[in-house]
Amino acid sequence: MPNALPEFIVRKIYVKDSLKKQADGFVFALNNSFAPVVIHHFKILVDGTPVAPEKVSLTPAGQPTRGGDSISPENSVPFSINLPYSVAVAETPLPLKAITLLVDTRDAGEVELHIRLKEKSIKRESGYGWHPPAWIMPGMPAEAEIRAEAVVGEIHPFIYGQFIEHLERCVYGGLWTQDGSAVREDVFALVDALKMPLARYPAWNFASRYHWEDGIAPKSQRPPRFDAAWSAPESNQVGTDEYLALMRRLGAEPFLVVNDGSGTPEEAARWVEYCNASVGEQARRRAANGHAEPYGVKIWGLGNEVWGKWQIGATTAENYAARLKQFASAMRAVDPSLRLVAVGNTVASDRPDDPGRLWNAAVLRAAADVIDDLSFHLYQPDQEGWKDSYDIESLHYSVCAAPLAAERMIARMGKQIAEISPRKKIGVAFDEWNLWLAPPPQAGSMHQVIYTMRDALYGAGMLNAFQRQCNALSMANLAQLVNVLPLVVTDANRAYPTPMYWPFWMYKHMQSIALRTQVDVATFDAEAVGNNIPAEKGAPYLDLAATRSPDGKTLTLGLVNRHPWRKLALKVGLTGFAGLKPARTWLLAAENPLAANSFEQPGRVVARESALPELRNGKLLVNLPPASVLVVVLR
């Protein structure tokens, strides 16, 4: 059965008022502003009646017309971003009610677009319901206990990692200038302030079609290519050397993902040699490109999401495990010290037949001896949770509780790895994650979302969860850094941080030892949104993570008040921290949980240093504003 696209997506794809009568039928227009797909089959129903394929034609702007009966998996049609397509239907009367398109795609399977010719009116929620101002209401009481000896484990700094991909304007016009000739200094300043520890590249679907040697010659000699993953041109003006130069300048660890979808083990081995060898053909090639010294790239991903039918090179877990062993052997023959990240899958439930659990088990049983980390990806709620409109207050609670589900997924995967590979430590690499709600009506693609103060609560909640799961979690990468589900947004001349940026900026002050905490606070229930945000019962309004330095001389707390309109009056009992006093605090809050930054108001949601909380009789007294994030450092 085809997946029916939500009506608000269909309304964006169908060009309003484009339906026109022709002498022998009718014509209408489509404009894809969400995500590129490759069309394998294309059928049309007019008022419920099928139209013969030979009577349908599809014409991309500026390109030849394709008959509906000529489109096949072997003779497919890219449905590219922001390229108008004209659809003509011959020998068919003008539809009265609806046009239904059944489109079989490489990327999303069979999709149904039901175009209503008389649109329904949509009621859109504009904000939260009325509540008394926070200053009138007494603070909601909350208590917590933190003990210096209650150690969970050591936090790896890579849990605060980021993600860079050649997708839309993340690279060109984002981190780099539009022509790729230079890093944008305004963006660099914002990214540098994060003290980013790690960035995955070229990441996501792009990696499965990327051939690294296209991007290393002198820029005038680099061949432009068509990126089949995202149906977009790729100039190759930014490549390996540019990425690694940026990582070195930022003081960040590089994380390269090899192409195991359409590439070969030999190609991947040459890439390792180019980056890491001191002598040999690829070392000479690197030196000729201006980089005599090896880069020393240690972390390498072996493919991306090859369990998904949209991925170039998609396969079974058994075939992937055999493939990754070939890649690992070829790459480690060049550099035995490589840390290799294999493609895992999300374990979304405790069911024995959970698809992610089955994938991971097959990969681990076949290849645990050659990998160091197993990855999984999660976007909450992802497209399954997109709607025309939401109850805003209900959505607030669902978004704020969503990190609880992500934390369970990390724990499940860590437990599964330990059961199957008890003698070898394999880390959980959560190397793609983000909050991905429906883009606004004005968005140019499905990746252009607007993040709010509410979404910053989600971001901080995820970072708190990562710290608590430090014994399993070896790295995490927010997707993506600039312009695509972004921390930073740019236009041609300006850049600003979104609210999601600020938890990362604040959490660079966290320490390396995670501590257990006990919290007593009121709770809330949250509704499910799609598949990736399940319903929650009894989620606490306060989310608290506590970290200390190895010597115990610094304690840093990350606190999140999930309540949209009530402040918290928090008392934190501290044991084993004699002599520590509040030293610095940073507060992220706004006048409304839906507040967002923009080019006109880039500082509407911003973290600021705030007044120190009081320490009285061994208890830290904290007033936490509604919908806020607070980082407190005690020394």
# chains A, B, ... in the order shown; residues from 1 in each chain; ligands from 1

call {"tool": "select_by_dssp", "arguments": {"residues": "stretch 483-538 of chain A", "states": "helix (DSSP H, G or I)", "output": "number ranges by chain"}}
result
A: 501-507

call {"tool": "closest_residue", "arguments": {"among": "A:Gln282, A:Thr316, A:Asn532, A:Gln178", "to": "A:Ser349", "atoms": "only C-alpha atoms"}}
result
A:Asn532

call {"tool": "select_by_dssp", "arguments": {"residues": "stretch 51-283 of chain A", "states": "strand (DSSP E)", "output": "ChimeraX atom specification"}}
result
/A:56-60,66-67,77-79,84-90,98-105,109-116,140-154,162-163,198-201,225-227,232-234,253-258

call {"tool": "closest_residue", "arguments": {"among": "A:Pro53, A:Gly573, A:Pro73, A:Gly344", "to": "A:Thr517", "atoms": "only C-alpha atoms"}}
result
A:Gly573

call {"tool": "closest_residue", "arguments": {"among": "A:Ser445, A:Tyr397, A:Tyr507, A:Asn617", "to": "A:Pro534", "atoms": "only C-alpha atoms"}}
result
A:Tyr397

call {"tool": "residues_around", "arguments": {"residues": "stretch 247-264 of chain A", "least_positions_apart": "2", "cutoff": "8 Å", "atoms": "only C-alpha atoms", "output": "ChimeraX atom specification"}}
result
/A:192,195-203,207-211,243-245,266-268,297-304,306,311-314,323-324,327

call {"tool": "write_last_selection", "arguments": {"atoms": "C-alpha atoms", "output": "PDB file, in the first residue's frame"}}
result
ATOM      1  CA  ASP A 192      34.626  28.108  16.854  1.00  0.00           C
ATOM      2  CA  LYS A 195      34.674  24.290  20.870  1.00  0.00           C
ATOM      3  CA  MET A 196      33.294  21.493  18.704  1.00  0.00           C
ATOM      4  CA  PRO A 197      35.156  18.211  19.410  1.00  0.00           C
ATOM      5  CA  LEU A 198      34.245  16.245  16.278  1.00  0.00           C
ATOM      6  CA  ALA A 199      32.484  16.629  12.904  1.00  0.00           C
ATOM      7  CA  ARG A 200      31.263  13.809  10.650  1.00  0.00           C
ATOM      8  CA  TYR A 201      31.862  14.307   6.895  1.00  0.00           C
ATOM      9  CA  PRO A 202      30.679  13.942   4.141  1.00  0.00           C
ATOM     10  CA  ALA A 203      28.045  12.036   6.050  1.00  0.00           C
ATOM     11  CA  ALA A 207      28.526   9.684   1.249  1.00  0.00           C
ATOM     12  CA  SER A 208      27.108   6.708  -0.677  1.00  0.00           C
ATOM     13  CA  ARG A 209      27.736   8.398  -4.031  1.00  0.00           C
ATOM     14  CA  TYR A 210      30.789  10.509  -3.188  1.00  0.00           C
ATOM     15  CA  HIS A 211      34.146   9.736  -4.761  1.00  0.00           C
ATOM     16  CA  TYR A 243      37.444  19.884   5.377  1.00  0.00           C
ATOM     17  CA  LEU A 244      40.595  18.752   7.186  1.00  0.00           C
ATOM     18  CA  ALA A 245      42.032  22.282   7.155  1.00  0.00           C
ATOM     19  CA  GLU A 266      40.486  -0.020  -2.845  1.00  0.00           C
ATOM     20  CA  GLU A 267      39.098   3.514  -3.192  1.00  0.00           C
ATOM     21  CA  ALA A 268      38.648   3.726   0.589  1.00  0.00           C
ATOM     22  CA  VAL A 297      42.615  10.834  10.494  1.00  0.00           C
ATOM     23  CA  LYS A 298      41.754   8.080  12.973  1.00  0.00           C
ATOM     24  CA  ILE A 299      37.936   7.826  12.890  1.00  0.00           C
ATOM     25  CA  TRP A 300      36.334   6.357   9.740  1.00  0.00           C
ATOM     26  CA  GLY A 301      32.722   5.415   9.111  1.00  0.00           C
ATOM     27  CA  LEU A 302      32.048   2.371   6.948  1.00  0.00           C
ATOM     28  CA  GLY A 303      29.027   3.574   4.974  1.00  0.00           C
ATOM     29  CA  ASN A 304      25.719   5.178   5.868  1.00  0.00           C
ATOM     30  CA  VAL A 306      22.625   0.911   4.029  1.00  0.00           C
ATOM     31  CA  GLN A 311      20.406   4.597   0.252  1.00  0.00           C
ATOM     32  CA  ILE A 312      22.613   3.921  -2.744  1.00  0.00           C
ATOM     33  CA  GLY A 313      24.057   0.473  -2.061  1.00  0.00           C
ATOM     34  CA  ALA A 314      21.237  -0.608   0.279  1.00  0.00           C
ATOM     35  CA  ARG A 323      31.283  -5.876   2.711  1.00  0.00           C
ATOM     36  CA  LEU A 324      32.507  -3.936   5.735  1.00  0.00           C
ATOM     37  CA  PHE A 327      36.664  -2.382   3.556  1.00  0.00           C
TER      38      PHE A 327
END

call {"tool": "closest_atom_pairs", "arguments": {"of": "stretch 390-474 of chain A", "to": "stretch 167-173 of chain A", "cutoff": "12 Å", "atoms": "only C-alpha atoms", "output": "CSV"}}
result
residue,atom,partner,partner_atom,distance
A:Gly444,CA,A:Glu168,CA,10.1
A:Ser445,CA,A:Glu168,CA,8.8
A:Met446,CA,A:Glu168,CA,10.7
A:His447,CA,A:Glu168,CA,8.7
A:Gln448,CA,A:Glu168,CA,9.7

call {"tool": "write_last_selection", "arguments": {"atoms": "N, CA and C atoms", "output": "PDB file, in the first residue's frame"}}
result
ATOM      1  N   GLY A 444      11.930  26.441   1.894  1.00  0.00           N
ATOM      2  CA  GLY A 444      12.335  26.059   0.551  1.00  0.00           C
ATOM      3  C   GLY A 444      12.616  24.585   0.406  1.00  0.00           C
ATOM      4  N   SER A 445      12.765  23.872   1.532  1.00  0.00           N
ATOM      5  CA  SER A 445      12.937  22.421   1.501  1.00  0.00           C
ATOM      6  C   SER A 445      12.521  21.876   2.855  1.00  0.00           C
ATOM      7  N   MET A 446      12.453  20.553   2.933  1.00  0.00           N
ATOM      8  CA  MET A 446      12.020  19.942   4.190  1.00  0.00           C
ATOM      9  C   MET A 446      13.071  20.069   5.283  1.00  0.00           C
ATOM     10  N   HIS A 447      14.288  20.489   4.927  1.00  0.00           N
ATOM     11  CA  HIS A 447      15.360  20.637   5.912  1.00  0.00           C
ATOM     12  C   HIS A 447      15.420  22.046   6.504  1.00  0.00           C
ATOM     13  N   GLN A 448      14.579  22.949   6.048  1.00  0.00           N
ATOM     14  CA  GLN A 448      14.629  24.338   6.512  1.00  0.00           C
ATOM     15  C   GLN A 448      13.580  24.552   7.605  1.00  0.00           C
TER      16      GLN A 448
END

call {"tool": "residues_around", "arguments": {"residues": "A:Gly48", "least_positions_apart": "6", "cutoff": "8 Å", "atoms": "only C-alpha atoms", "output": "list in words"}}
result
Ala98, Ile99 and Thr100 of chain A

call {"tool": "write_last_selection", "arguments": {"atoms": "C-alpha atoms", "output": "PDB file, in the first residue's frame"}}
result
ATOM      1  CA  ALA A  98      -9.115  15.437  -7.306  1.00  0.00           C
ATOM      2  CA  ILE A  99      -6.005  14.172  -9.060  1.00  0.00           C
ATOM      3  CA  THR A 100      -4.209  11.241  -7.456  1.00  0.00           C
TER       4      THR A 100
END

call {"tool": "atom_distance", "arguments": {"atom1": "atom CA of A:Tyr458", "atom2": "atom CA of A:Pro503"}}
result
9.4 Å

call {"tool": "closest_atom_pairs", "arguments": {"of": "stretch 431-528 of chain A", "to": "stretch 382-385 of chain A", "cutoff": "8 Å", "atoms": "only C-alpha atoms", "output": "CSV"}}
result
residue,atom,partner,partner_atom,distance
A:Leu435,CA,A:Asp382,CA,7.8
A:Trp436,CA,A:Asp382,CA,5.4
A:Leu437,CA,A:Asp382,CA,6.5
A:Ala438,CA,A:Gln383,CA,7.2

call {"tool": "residues_around", "arguments": {"residues": "A:Trp135", "least_positions_apart": "3", "cutoff": "9 Å", "atoms": "only C-alpha atoms", "output": "list in words"}}
result
Pro132, Pro138, Gly139, Arg566 and Lys567 of chain A

call {"tool": "closest_residue", "arguments": {"among": "A:Thr498, A:Val519, A:Lys309, A:Asp24", "to": "A:Val606", "atoms": "only C-alpha atoms"}}
result
A:Thr498

call {"tool": "closest_residue", "arguments": {"among": "A:Val334, A:Leu542, A:Ala361, A:Ile164", "to": "A:Trp204", "atoms": "only C-alpha atoms"}}
result
A:Ile164

call {"tool": "residues_around", "arguments": {"residues": "A:Arg423", "least_positions_apart": "5", "cutoff": "12 Å", "atoms": "only C-alpha atoms", "output": "JSON, numbers by chain"}}
result
{"A": [368, 369, 417, 418]}

call {"tool": "write_last_selection", "arguments": {"atoms": "C-alpha atoms", "output": "tab-separated table (two decimals), in the first residue's frame"}}
result
chain	number	residue	atom	x	y	z
A	368	ALA	CA	32.44	-7.43	15.96
A	369	ASP	CA	36.12	-8.32	15.81
A	417	ILE	CA	26.42	-4.87	22.11
A	418	ALA	CA	27.58	-6.05	25.55

call {"tool": "closest_residue", "arguments": {"among": "A:Asp179, A:Asp525, A:Asp388, A:Glu185", "to": "A:Ser220", "atoms": "only C-alpha atoms"}}
result
A:Asp179

call {"tool": "atom_distance", "arguments": {"atom1": "atom CA of A:Glu419", "atom2": "atom CA of A:Arg468"}}
result
20.1 Å

call {"tool": "atom_distance", "arguments": {"atom1": "atom CA of A:Leu487", "atom2": "atom CA of A:Gly161"}}
result
12.1 Å

call {"tool": "residues_around", "arguments": {"residues": "A:Ala514", "least_positions_apart": "2", "cutoff": "8 Å", "atoms": "only C-alpha atoms", "output": "number ranges by chain"}}
result
A: 151-155, 467-468, 470, 511-512, 516, 545-548

call {"tool": "decode", "arguments": {"residues": "stretch 537-565 of chain A", "atoms": "N, CA and C atoms", "output": "compact mmCIF listing (two decimals), in the first residue's frame"}}
result
# COMPACT_ATOMS: atom_id res chain seq x y z
N LYS A 537 4.65 8.60 30.21
CA LYS A 537 3.91 8.76 31.46
C LYS A 537 4.89 9.15 32.56
N GLY A 538 4.56 10.21 33.28
CA GLY A 538 5.37 10.59 34.44
C GLY A 538 6.73 11.15 34.10
N ALA A 539 6.82 11.95 33.04
CA ALA A 539 8.09 12.61 32.71
C ALA A 539 8.33 13.76 33.69
N PRO A 540 9.51 13.88 34.28
CA PRO A 540 9.75 14.94 35.27
C PRO A 540 9.89 16.31 34.61
N TYR A 541 9.37 17.33 35.26
CA TYR A 541 9.53 18.69 34.74
C TYR A 541 10.98 19.16 34.80
N LEU A 542 11.74 18.64 35.75
CA LEU A 542 13.15 19.00 35.86
C LEU A 542 14.01 17.91 35.26
N ASP A 543 14.90 18.29 34.37
CA ASP A 543 15.93 17.39 33.86
C ASP A 543 17.27 17.91 34.36
N LEU A 544 17.99 17.06 35.08
CA LEU A 544 19.24 17.47 35.72
C LEU A 544 20.36 16.51 35.36
N ALA A 545 21.46 17.04 34.90
CA ALA A 545 22.70 16.26 34.71
C ALA A 545 23.78 16.91 35.55
N ALA A 546 24.57 16.08 36.24
CA ALA A 546 25.64 16.58 37.10
C ALA A 546 26.96 15.97 36.66
N THR A 547 27.98 16.80 36.54
CA THR A 547 29.32 16.34 36.14
C THR A 547 30.35 16.99 37.05
N ARG A 548 31.43 16.26 37.30
CA ARG A 548 32.52 16.84 38.08
C ARG A 548 33.84 16.56 37.41
N SER A 549 34.85 17.32 37.79
CA SER A 549 36.20 17.10 37.29
C SER A 549 36.79 15.88 37.99
N PRO A 550 37.79 15.23 37.40
CA PRO A 550 38.39 14.04 38.05
C PRO A 550 38.92 14.33 39.45
N ASP A 551 39.42 15.55 39.68
CA ASP A 551 39.96 15.87 41.01
C ASP A 551 38.90 16.36 41.98
N GLY A 552 37.67 16.45 41.52
CA GLY A 552 36.58 16.86 42.40
C GLY A 552 36.54 18.34 42.74
N LYS A 553 37.38 19.15 42.10
CA LYS A 553 37.45 20.56 42.43
C LYS A 553 36.47 21.42 41.64
N THR A 554 35.80 20.83 40.67
CA THR A 554 34.79 21.56 39.89
C THR A 554 33.57 20.67 39.71
N LEU A 555 32.40 21.24 39.95
CA LEU A 555 31.11 20.59 39.73
C LEU A 555 30.31 21.45 38.77
N THR A 556 29.80 20.85 37.68
CA THR A 556 29.00 21.61 36.72
C THR A 556 27.67 20.90 36.53
N LEU A 557 26.60 21.67 36.65
CA LEU A 557 25.24 21.15 36.52
C LEU A 557 24.59 21.68 35.24
N GLY A 558 23.85 20.81 34.57
CA GLY A 558 23.01 21.21 33.45
C GLY A 558 21.56 20.98 33.83
N LEU A 559 20.77 22.06 33.92
CA LEU A 559 19.39 21.97 34.38
C LEU A 559 18.43 22.45 33.29
N VAL A 560 17.33 21.71 33.13
CA VAL A 560 16.31 22.06 32.16
C VAL A 560 14.96 22.09 32.86
N ASN A 561 14.28 23.24 32.80
CA ASN A 561 12.89 23.33 33.26
C ASN A 561 12.01 23.13 32.04
N ARG A 562 11.33 21.98 31.98
CA ARG A 562 10.50 21.65 30.83
C ARG A 562 9.13 22.31 30.88
N HIS A 563 8.77 22.88 32.00
CA HIS A 563 7.42 23.47 32.12
C HIS A 563 7.34 24.74 31.27
N PRO A 564 6.31 24.87 30.44
CA PRO A 564 6.26 26.02 29.54
C PRO A 564 5.96 27.34 30.21
N TRP A 565 5.33 27.32 31.41
CA TRP A 565 4.92 28.62 31.96
C TRP A 565 5.07 28.73 33.48
